[in-house]
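Visitor: This is the content of final08.cif (mmCIF, C-alpha atoms):
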data_final
loop_
_atom_site.label_atom_id
_atom_site.label_comp_id
_atom_site.auth_asym_id
_atom_site.auth_seq_id
_atom_site.Cartn_x
_atom_site.Cartn_y
_atom_site.Cartn_z
CA MET A 1 135.18 73.08 135.55
CA GLN A 2 132.72 74.49 138.09
CA THR A 3 129.81 76.19 136.35
CA ASN A 4 126.74 78.00 137.65
CA GLN A 5 124.39 75.68 135.84
CA VAL A 6 124.42 72.37 133.99
CA LEU A 7 122.08 71.75 131.06
CA ASP A 8 121.48 68.19 130.02
CA ALA A 9 120.56 68.29 126.33
CA ARG A 10 121.44 64.66 125.66
CA GLY A 11 119.17 62.84 123.23
CA LEU A 12 117.90 66.12 121.76
CA ASN A 13 118.41 67.02 118.14
CA CYS A 14 118.74 70.26 116.15
CA PRO A 15 117.64 72.92 117.02
CA LEU A 16 116.66 71.92 120.56
CA PRO A 17 120.15 71.98 122.15
CA ILE A 18 120.61 75.59 120.98
CA LEU A 19 117.10 76.64 122.02
CA ARG A 20 117.54 75.11 125.48
CA THR A 21 120.98 76.74 125.79
CA LYS A 22 119.49 80.12 124.97
CA LYS A 23 116.83 79.56 127.61
CA ALA A 24 119.42 78.55 130.19
CA LEU A 25 121.50 81.65 129.41
CA ASN A 26 118.44 83.86 129.86
CA ALA A 27 118.24 82.74 133.47
CA LEU A 28 121.90 83.57 134.16
CA GLN A 29 123.54 86.82 135.22
CA SER A 30 126.25 88.33 133.07
CA GLY A 31 129.57 86.57 133.77
CA GLU A 32 127.96 83.34 134.95
CA THR A 33 128.59 80.08 133.14
CA VAL A 34 126.57 77.13 131.95
CA LYS A 35 127.81 73.69 130.99
CA VAL A 36 125.80 72.06 128.19
CA VAL A 37 126.00 68.34 127.55
CA SER A 38 124.62 67.08 124.25
CA THR A 39 124.79 64.01 122.04
CA ASP A 40 123.97 65.78 118.77
CA PRO A 41 127.17 65.95 116.65
CA GLY A 42 125.71 68.97 114.83
CA SER A 43 125.69 70.92 118.07
CA VAL A 44 129.51 71.32 117.91
CA LYS A 45 129.35 73.69 114.95
CA ASP A 46 126.02 75.15 116.04
CA MET A 47 127.25 76.06 119.51
CA THR A 48 130.30 77.83 118.06
CA SER A 49 128.14 79.73 115.61
CA PHE A 50 125.55 80.52 118.29
CA CYS A 51 128.21 82.01 120.58
CA GLU A 52 129.81 84.00 117.75
CA GLN A 53 126.49 85.53 116.80
CA THR A 54 125.18 86.22 120.27
CA GLY A 55 128.48 87.47 121.70
CA ASN A 56 128.56 84.91 124.52
CA ARG A 57 131.94 83.29 125.21
CA LEU A 58 132.42 79.62 124.37
CA LEU A 59 135.02 78.79 127.01
CA SER A 60 135.42 75.16 126.01
CA SER A 61 134.07 72.60 123.60
CA GLN A 62 135.11 68.99 123.99
CA GLN A 63 134.03 65.45 123.36
CA ALA A 64 133.67 63.01 126.24
CA GLY A 65 132.80 59.57 124.90
CA SER A 66 129.56 59.98 122.96
CA ASP A 67 128.80 63.29 124.70
CA TYR A 68 129.78 66.77 123.65
CA GLU A 69 130.42 69.24 126.44
CA PHE A 70 130.37 72.98 126.11
CA VAL A 71 131.03 75.67 128.69
CA ILE A 72 129.57 79.06 127.87
CA ARG A 73 129.94 82.31 129.75
CA LYS A 74 127.16 84.81 129.44
CA THR A 75 128.39 88.26 128.45
CA MET B 1 133.39 121.56 90.81
CA ASN B 2 133.38 123.87 93.74
CA VAL B 3 134.48 121.96 96.83
CA ALA B 4 133.06 124.54 99.18
CA LYS B 5 129.55 123.70 98.01
CA LEU B 6 130.03 120.07 99.10
CA ASN B 7 130.88 121.16 102.56
CA PRO B 8 127.67 121.53 104.61
CA VAL B 9 129.42 121.93 107.94
CA GLU B 10 131.50 124.99 107.35
CA HIS B 11 130.77 126.17 110.85
CA SER B 12 132.13 122.91 112.31
CA SER B 13 135.33 123.24 114.26
CA GLU B 14 136.66 120.03 112.71
CA ALA B 15 138.63 121.05 109.67
CA LEU B 16 137.63 119.24 106.50
CA PRO B 17 140.14 118.45 103.77
CA ALA B 18 140.24 121.27 101.29
CA ASP B 19 140.91 119.47 98.02
CA LEU B 20 138.41 117.18 96.37
CA ALA B 21 140.57 114.03 96.38
CA SER B 22 141.21 114.12 100.14
CA LEU B 23 137.62 115.05 100.82
CA ASP B 24 136.57 111.99 98.83
CA ALA B 25 138.90 109.74 100.79
CA TRP B 26 137.72 111.27 104.09
CA LEU B 27 134.10 110.73 103.11
CA ASP B 28 134.71 107.10 102.15
CA GLN B 29 136.38 106.43 105.46
CA ARG B 30 133.63 108.12 107.47
CA LEU B 31 130.98 106.27 105.52
CA ASP B 32 132.64 102.91 106.21
CA GLU B 33 132.84 103.75 109.91
CA LYS B 34 129.22 104.82 110.04
CA LEU B 35 128.02 101.77 108.13
CA ALA B 36 130.02 99.45 110.38
CA GLN B 37 128.47 101.13 113.45
CA ARG B 38 125.02 100.75 111.99
CA GLU B 39 125.64 97.11 111.04
CA ALA B 40 126.85 96.31 114.56
CA ALA B 41 123.82 97.92 116.18
CA LYS B 42 121.30 96.33 113.83
CA ILE B 43 119.07 93.50 114.98
CA PRO B 44 118.85 91.00 112.10
CA SER B 45 115.39 89.96 111.01
CA LEU B 46 113.84 86.94 109.35
CA ALA B 47 110.58 86.79 107.41
CA ILE B 48 109.16 83.43 106.37
CA VAL B 49 106.15 82.67 104.23
CA ALA B 50 104.86 79.22 105.25
CA THR B 51 102.57 77.72 102.64
CA LYS B 52 102.62 73.99 103.30
CA GLY B 53 100.56 71.98 105.76
CA THR B 54 102.23 68.59 105.78
CA MET B 55 104.30 67.49 108.74
CA ASP B 56 107.58 67.40 106.83
CA MET B 57 107.04 70.93 105.54
CA ALA B 58 105.99 72.24 108.95
CA TYR B 59 109.47 71.76 110.38
CA PRO B 60 111.59 74.19 108.33
CA PRO B 61 109.68 77.42 109.15
CA LEU B 62 109.35 76.60 112.85
CA ILE B 63 112.96 75.46 113.23
CA LEU B 64 114.36 78.46 111.39
CA ALA B 65 112.19 80.99 113.22
CA SER B 66 112.83 79.58 116.69
CA THR B 67 116.57 79.37 116.01
CA ALA B 68 116.60 82.94 114.72
CA THR B 69 115.05 84.22 117.95
CA ALA B 70 117.60 82.19 119.94
CA LEU B 71 120.28 84.13 118.06
CA GLY B 72 118.62 87.37 119.06
CA TRP B 73 116.95 88.06 115.72
CA ASN B 74 113.44 89.29 115.14
CA ALA B 75 111.48 86.60 113.35
CA SER B 76 108.06 86.50 111.78
CA ILE B 77 106.13 83.86 109.88
CA PHE B 78 103.25 84.56 107.53
CA PHE B 79 101.06 81.46 107.38
CA THR B 80 99.07 81.23 104.20
CA PHE B 81 97.15 78.57 102.31
CA TYR B 82 97.92 75.11 103.75
CA GLY B 83 100.47 76.69 106.06
CA LEU B 84 97.50 77.72 108.21
CA GLU B 85 97.23 74.08 109.32
CA LEU B 86 100.29 74.76 111.48
CA LEU B 87 98.27 77.23 113.52
CA LYS B 88 95.25 75.03 114.18
CA LYS B 89 94.46 74.42 117.83
CA ASP B 90 94.12 70.78 116.94
CA LEU B 91 97.31 69.86 115.10
CA SER B 92 96.88 66.78 112.97
CA LEU B 93 99.59 67.13 110.38
CA LYS B 94 100.35 64.21 108.14
CA VAL B 95 103.22 63.29 105.93
CA SER B 96 102.33 62.04 102.50
CA PRO B 97 104.52 59.94 100.24
CA LEU B 98 102.32 61.01 97.32
CA GLY B 99 104.25 63.36 95.07
CA ASN B 100 107.10 63.17 97.53
CA PRO B 101 109.41 60.61 95.92
CA ALA B 102 112.51 61.72 97.83
CA MET B 103 110.93 60.76 101.15
CA PRO B 104 112.94 57.88 102.59
CA MET B 105 111.00 54.80 103.67
CA LYS B 106 112.87 53.55 106.68
CA MET B 107 111.87 51.51 109.68
CA PRO B 108 111.92 53.59 112.89
CA PHE B 109 112.60 50.52 115.03
CA GLY B 110 114.47 47.24 114.87
CA PRO B 111 118.20 46.60 114.57
CA GLU B 112 120.49 49.37 113.28
CA TRP B 113 121.10 47.66 109.90
CA LEU B 114 117.38 47.46 109.25
CA LYS B 115 116.79 51.12 110.16
CA CYS B 116 119.36 52.14 107.55
CA ILE B 117 117.70 50.34 104.67
CA ASN B 118 115.53 52.46 102.41
CA LEU B 119 112.56 50.17 101.74
CA PRO B 120 111.99 49.92 97.99
CA ILE B 121 108.30 50.86 97.97
CA PRO B 122 107.40 52.43 94.61
CA ASN B 123 106.02 55.94 95.00
CA VAL B 124 102.97 55.16 92.91
CA LEU B 125 102.12 52.36 95.32
CA ALA B 126 102.98 54.25 98.51
CA GLY B 127 101.03 57.25 97.32
CA ASN B 128 97.89 55.39 96.38
CA LEU B 129 97.60 52.57 98.85
CA PRO B 130 94.68 53.29 101.19
CA GLY B 131 95.90 53.90 104.70
CA PHE B 132 99.49 54.36 103.65
CA GLU B 133 99.48 58.02 104.63
CA SER B 134 98.51 57.22 108.20
CA PHE B 135 101.09 54.46 108.26
CA ALA B 136 103.83 56.75 106.94
CA THR B 137 102.80 59.46 109.43
CA SER B 138 102.99 57.13 112.39
CA MET B 139 106.36 55.80 111.18
CA MET B 140 107.64 59.37 110.82
CA ASN B 141 106.39 60.26 114.30
CA GLN B 142 108.25 57.33 115.79
CA THR B 143 111.44 58.22 113.90
CA LEU B 144 111.27 61.84 115.06
CA LYS B 145 110.73 60.79 118.65
CA SER B 146 113.53 58.22 118.69
CA LYS B 147 115.97 60.73 117.17
CA GLY B 148 115.14 63.40 119.76
CA VAL B 149 113.68 65.80 117.20
CA ALA B 150 111.06 68.12 118.68
CA SER B 151 107.43 67.60 117.75
CA ILE B 152 105.68 70.29 115.72
CA LYS B 153 103.61 71.20 118.77
CA GLU B 154 106.75 71.59 120.86
CA LEU B 155 108.46 73.76 118.23
CA ARG B 156 105.37 75.89 117.84
CA ASP B 157 105.23 76.41 121.62
CA ILE B 158 108.90 77.44 121.56
CA CYS B 159 108.15 79.91 118.77
CA ILE B 160 105.30 81.39 120.79
CA GLU B 161 107.40 81.57 123.93
CA SER B 162 110.33 83.19 122.11
CA GLU B 163 107.99 85.77 120.57
CA VAL B 164 108.18 84.78 116.94
CA ARG B 165 105.58 87.01 115.32
CA MET B 166 103.00 84.68 113.83
CA VAL B 167 100.68 86.26 111.33
CA ALA B 168 97.98 84.52 109.36
CA CYS B 169 96.39 85.07 105.99
CA GLN B 170 92.83 86.36 106.25
CA MET B 171 92.03 85.46 102.65
CA THR B 172 92.82 81.77 103.25
CA VAL B 173 90.39 81.66 106.15
CA ASP B 174 87.64 83.03 103.95
CA LEU B 175 88.65 80.81 101.04
CA PHE B 176 88.48 77.54 102.96
CA ASN B 177 85.59 78.58 105.21
CA TYR B 178 87.65 78.29 108.35
CA ARG B 179 86.67 80.03 111.55
CA GLN B 180 89.21 82.12 113.39
CA ASP B 181 88.44 80.27 116.62
CA GLU B 182 89.84 77.04 115.12
CA PHE B 183 93.26 78.63 115.42
CA ILE B 184 95.55 79.31 118.37
CA PRO B 185 94.96 82.67 120.04
CA GLU B 186 98.67 83.58 119.83
CA ILE B 187 98.27 84.69 116.22
CA ALA B 188 99.46 88.30 116.30
CA GLU B 189 97.38 89.50 113.39
CA TRP B 190 95.20 88.43 110.49
CA ILE B 191 96.60 90.18 107.46
CA GLY B 192 96.97 90.05 103.70
CA ALA B 193 99.77 90.15 101.14
CA THR B 194 100.07 93.93 101.21
CA SER B 195 100.71 94.09 104.94
CA TYR B 196 103.15 91.20 104.99
CA LEU B 197 105.16 92.48 102.05
CA ALA B 198 105.64 95.75 103.89
CA GLU B 199 107.06 93.74 106.79
CA ALA B 200 109.14 91.37 104.65
CA ARG B 201 110.67 94.23 102.68
CA LYS B 202 112.69 95.25 105.71
CA ALA B 203 113.85 91.73 106.58
CA ASP B 204 117.44 90.65 106.10
CA VAL B 205 116.45 87.08 105.35
CA CYS B 206 113.24 86.28 103.53
CA LEU B 207 112.19 82.70 102.83
CA PHE B 208 109.29 81.07 101.06
CA ILE B 209 108.56 77.58 102.32
#
Using structure tokens, write down the structure from this file.
Guide:
Amino acid sequence: MQTNQVLDARGLNCPLPILRTKKALNALQSGETVKVVSTDPGSVKDMTSFCEQTGNRLLSSQQAGSDYEFVIRKT
Amino acid sequence: MNVAKLNPVEHSSEALPADLASLDAWLDQRLDEKLAQREAAKIPSLAIVATKGTMDMAYPPLILASTATALGWNASIFFTFYGLELLKKDLSLKVSPLGNPAMPMKMPFGPEWLKCINLPIPNVLAGNLPGFESFATSMMNQTLKSKGVASIKELRDICIESEVRMVACQMTVDLFNYRQDEFIPEIAEWIGATSYLAEARKADVCLFI
């Protein structure tokens, strides 16, 4: 999926993937998307919870090998 | 009971239910709607009292506060007693095995099987051996780094950047003969228990760490 920005959060642990995601979203316009790649298994639940609480849309969440990939659209 | 007396908006064009039972039901429904509106518009807030100055105890307040701001909450931390160490310009936090028997003793490097073994070092020995604290601290630092966990400095910078309100206890400074210029300038205010309680009273989540 083509996204406006890609955030490489691999190798980072809780809460850094979420904090970096928030920062990346801040730089986006409403409607734009960011793809986040992380290796922290905890980020799967955290990213879902983060999007639920902040109202941003989690368009996809999938595992690719040892990576977890998320696509988020800023509301 | 006279229902008319309960009706403060007699001039309103919207007709209110005349009997008490329907008025009650109408009121309940309106109240639920209003409360839901208020809940939806409310910005959640977090208030943390940070009292510990060891490296292991520095993580929880900084992680929780920075995460709260990432979720759009307002967060504040009141640093008091040893918690003030977290605000020093020169951060030199240590982790001590003394009185900390649950702390795992694991090698930060070497093969995977070795890193998983909890070394059977008795707490009384680990806690009292000269130099063990520095050793444990350097081991912990290596573990944190290899696992991609942020350093305390990094987390503190994120807290500052994301506008976590950091307030510090004036009494502690006087008690330990600190000088205010030993601390980072980003401290929002030097206050006491009375001021922070007033702030914490309104918080949705209040934690003592």
Visitor: Hey, list the chain A side of the contact with chain B: 10 Å cut-off, all atoms listed in the file, answer as a ChimeraX atom specification.
Guide: /A:9-16,18-23,39-40,49-55
Visitor: Taking the file as shown, what set of residues would the PyMOL selection byres ((chain B and resi 80) around 12) give back, as a tab-separated table (two decimals) with C-alpha atoms, keeping the file's coordinate frame?
Guide:
chain	number	residue	atom	x	y	z
B	48	ILE	CA	109.16	83.43	106.37
B	49	VAL	CA	106.15	82.67	104.23
B	50	ALA	CA	104.86	79.22	105.25
B	51	THR	CA	102.57	77.72	102.64
B	52	LYS	CA	102.62	73.99	103.30
B	53	GLY	CA	100.56	71.98	105.76
B	77	ILE	CA	106.13	83.86	109.88
B	78	PHE	CA	103.25	84.56	107.53
B	79	PHE	CA	101.06	81.46	107.38
B	81	PHE	CA	97.15	78.57	102.31
B	82	TYR	CA	97.92	75.11	103.75
B	83	GLY	CA	100.47	76.69	106.06
B	84	LEU	CA	97.50	77.72	108.21
B	85	GLU	CA	97.23	74.08	109.32
B	86	LEU	CA	100.29	74.76	111.48
B	87	LEU	CA	98.27	77.23	113.52
B	166	MET	CA	103.00	84.68	113.83
B	167	VAL	CA	100.68	86.26	111.33
B	168	ALA	CA	97.98	84.52	109.36
B	169	CYS	CA	96.39	85.07	105.99
B	170	GLN	CA	92.83	86.36	106.25
B	171	MET	CA	92.03	85.46	102.65
B	172	THR	CA	92.82	81.77	103.25
B	173	VAL	CA	90.39	81.66	106.15
B	174	ASP	CA	87.64	83.03	103.95
B	175	LEU	CA	88.65	80.81	101.04
B	176	PHE	CA	88.48	77.54	102.96
B	190	TRP	CA	95.20	88.43	110.49
B	191	ILE	CA	96.60	90.18	107.46
B	192	GLY	CA	96.97	90.05	103.70
B	193	ALA	CA	99.77	90.15	101.14
B	196	TYR	CA	103.15	91.20	104.99
B	208	PHE	CA	109.29	81.07	101.06
B	209	ILE	CA	108.56	77.58	102.32
Visitor: From the options A:Gly31, A:Tyr68, A:Leu58, A:Thr75, which residue's atoms come nearest to Asp8 of chain A, counting all atoms listed in the file?
Guide: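 With all atoms listed in the file as the atom set, the closest residue is A:Tyr68.
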Visitor: Do a neighbour search on segment 88-103 of chain B at 10 Å with all atoms listed in the file, toss out local chain neighbours closer than 4 positions, and write the hits as a PyMOL selection string.
Guide: chain B and resi 53-58+83-84+118+122-129+132-141+152-153+180-185
Visitor: Between atom CA of Ala75 of chain B and atom CA of Thr194 of chain B, what distance in Å does the model show, to one decimal?
Guide: 18.2 Å
Visitor: Report, in Å to a single decimal, how far apart atom CA of Ser151 of chain B and atom CA of Met107 of chain B are.
Guide: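 Interatomic distance here is 18.5 Å.
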Visitor: How many Å separate atom CA of Leu207 of chain B from atom CA of Thr143 of chain B?
Guide: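 Computed distance, atom CA of Leu207 of chain B to atom CA of Thr143 of chain B, equals 26.9 Å.
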Visitor: Within 10 Å of (132.4, 74.4, 123.2) (coordinates as in the file), grab all the protein and nucleic acid residues, counting all atoms listed in the file, and write them out as an MDAnalysis selection string.
Guide: chainID A and resid 35:37 43:48 51 57:63 68:72
Visitor: Could you name the residues that touch Thr33 of chain A at 9 Å or less, counting only C-alpha atoms, but leaving out those on the same chain fewer than 5 positions away, as a list of chain:residue names?
Guide: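 Using only C-alpha atoms, the neighbours found are A:Gln2, A:Thr3, A:Asn4, A:Gln5, A:Val6, A:Leu25, A:Leu28, A:Leu59, A:Val71, A:Ile72, A:Arg73, A:Lys74.
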Visitor: Output C-alpha atoms of each residue in that selection to a file, as a compact mmCIF listing (two decimals), in the frame of the given file.
Guide:
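Done, and the output landed in selection_27.txt:
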# COMPACT_ATOMS: atom_id res chain seq x y z
CA GLN A 2 132.72 74.49 138.09
CA THR A 3 129.81 76.19 136.35
CA ASN A 4 126.74 78.00 137.65
CA GLN A 5 124.39 75.68 135.84
CA VAL A 6 124.42 72.37 133.99
CA LEU A 25 121.50 81.65 129.41
CA LEU A 28 121.90 83.57 134.16
CA LEU A 59 135.02 78.79 127.01
CA VAL A 71 131.03 75.67 128.69
CA ILE A 72 129.57 79.06 127.87
CA ARG A 73 129.94 82.31 129.75
CA LYS A 74 127.16 84.81 129.44
Visitor: Need the axis-aligned box for segment 132-135 of chain B with 3 Å each side, so what are the centre and edges in Å to one decimal, as AutoDock Vina command-line options?
Guide:
--center_x 99.8 --center_y 56.2 --center_z 106.0 --size_x 8.6 --size_y 9.7 --size_z 10.6
Visitor: Will you model all heavy atoms for segment 78-89 of chain B and pass it back as a compact mmCIF listing (two decimals), in the coordinates of the input?
Guide:
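Result saved to out_4.txt:
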# COMPACT_ATOMS: atom_id res chain seq x y z
N PHE B 78 104.57 84.30 108.12
CA PHE B 78 103.25 84.56 107.53
C PHE B 78 102.71 83.22 107.07
O PHE B 78 103.25 82.59 106.17
CB PHE B 78 103.41 85.52 106.36
CG PHE B 78 102.13 85.87 105.64
CD1 PHE B 78 101.01 86.31 106.34
CD2 PHE B 78 102.04 85.77 104.26
CE1 PHE B 78 99.84 86.65 105.67
CE2 PHE B 78 100.86 86.12 103.59
CZ PHE B 78 99.76 86.56 104.30
N PHE B 79 101.65 82.75 107.71
CA PHE B 79 101.06 81.46 107.38
C PHE B 79 99.94 81.68 106.37
O PHE B 79 98.99 82.40 106.65
CB PHE B 79 100.50 80.79 108.62
CG PHE B 79 101.56 80.44 109.64
CD1 PHE B 79 101.93 81.36 110.61
CD2 PHE B 79 102.18 79.21 109.63
CE1 PHE B 79 102.90 81.05 111.55
CE2 PHE B 79 103.15 78.88 110.56
CZ PHE B 79 103.51 79.81 111.52
N THR B 80 100.08 81.05 105.23
CA THR B 80 99.07 81.23 104.20
C THR B 80 98.75 79.90 103.53
O THR B 80 99.52 78.96 103.62
CB THR B 80 99.54 82.30 103.18
OG1 THR B 80 98.52 82.51 102.22
CG2 THR B 80 100.81 81.88 102.47
N PHE B 81 97.61 79.82 102.89
CA PHE B 81 97.15 78.57 102.31
C PHE B 81 97.29 77.40 103.29
O PHE B 81 96.90 77.52 104.43
CB PHE B 81 97.82 78.31 100.94
CG PHE B 81 97.08 79.05 99.84
CD1 PHE B 81 97.27 80.41 99.64
CD2 PHE B 81 96.14 78.39 99.06
CE1 PHE B 81 96.56 81.10 98.67
CE2 PHE B 81 95.41 79.08 98.08
CZ PHE B 81 95.63 80.43 97.90
N TYR B 82 97.89 76.30 102.86
CA TYR B 82 97.92 75.11 103.75
C TYR B 82 98.81 75.33 104.97
O TYR B 82 98.74 74.56 105.92
CB TYR B 82 98.34 73.87 102.96
CG TYR B 82 97.60 73.76 101.65
CD1 TYR B 82 98.27 73.63 100.44
CD2 TYR B 82 96.20 73.81 101.62
CE1 TYR B 82 97.58 73.57 99.24
CE2 TYR B 82 95.51 73.76 100.43
CZ TYR B 82 96.20 73.65 99.24
OH TYR B 82 95.51 73.60 98.07
N GLY B 83 99.63 76.37 104.90
CA GLY B 83 100.47 76.69 106.06
C GLY B 83 99.64 76.99 107.29
O GLY B 83 100.10 76.83 108.42
N LEU B 84 98.39 77.42 107.08
CA LEU B 84 97.50 77.72 108.21
C LEU B 84 97.26 76.51 109.10
O LEU B 84 96.94 76.65 110.28
CB LEU B 84 96.16 78.25 107.71
CG LEU B 84 96.05 79.75 107.47
CD1 LEU B 84 94.63 80.10 107.12
CD2 LEU B 84 96.47 80.53 108.71
N GLU B 85 97.41 75.32 108.52
CA GLU B 85 97.23 74.08 109.32
C GLU B 85 98.16 74.07 110.54
O GLU B 85 97.84 73.48 111.56
CB GLU B 85 97.53 72.84 108.46
CG GLU B 85 96.53 72.59 107.36
CD GLU B 85 95.13 72.33 107.90
OE1 GLU B 85 94.99 71.64 108.92
OE2 GLU B 85 94.16 72.86 107.29
N LEU B 86 99.29 74.74 110.39
CA LEU B 86 100.29 74.76 111.48
C LEU B 86 99.82 75.58 112.67
O LEU B 86 100.40 75.52 113.75
CB LEU B 86 101.61 75.35 110.97
CG LEU B 86 102.58 74.46 110.20
CD1 LEU B 86 101.95 73.79 109.01
CD2 LEU B 86 103.78 75.26 109.76
N LEU B 87 98.76 76.37 112.45
CA LEU B 87 98.27 77.23 113.52
C LEU B 87 96.97 76.73 114.13
O LEU B 87 96.42 77.35 115.02
CB LEU B 87 98.05 78.65 112.97
CG LEU B 87 99.31 79.40 112.53
CD1 LEU B 87 98.93 80.76 111.96
CD2 LEU B 87 100.27 79.56 113.69
N LYS B 88 96.49 75.58 113.63
CA LYS B 88 95.25 75.03 114.18
C LYS B 88 95.45 74.64 115.64
O LYS B 88 96.51 74.16 116.03
CB LYS B 88 94.85 73.77 113.39
CG LYS B 88 94.30 74.06 111.99
CD LYS B 88 92.78 74.06 112.02
CE LYS B 88 92.18 74.34 110.66
NZ LYS B 88 92.15 73.14 109.82
N LYS B 89 94.40 74.85 116.44
CA LYS B 89 94.46 74.42 117.83
C LYS B 89 94.71 72.92 117.88
O LYS B 89 95.50 72.42 118.66
CB LYS B 89 93.14 74.73 118.54
CG LYS B 89 93.01 76.16 118.99
CD LYS B 89 91.65 76.40 119.63
CE LYS B 89 91.45 77.87 119.94
NZ LYS B 89 90.04 78.22 120.12
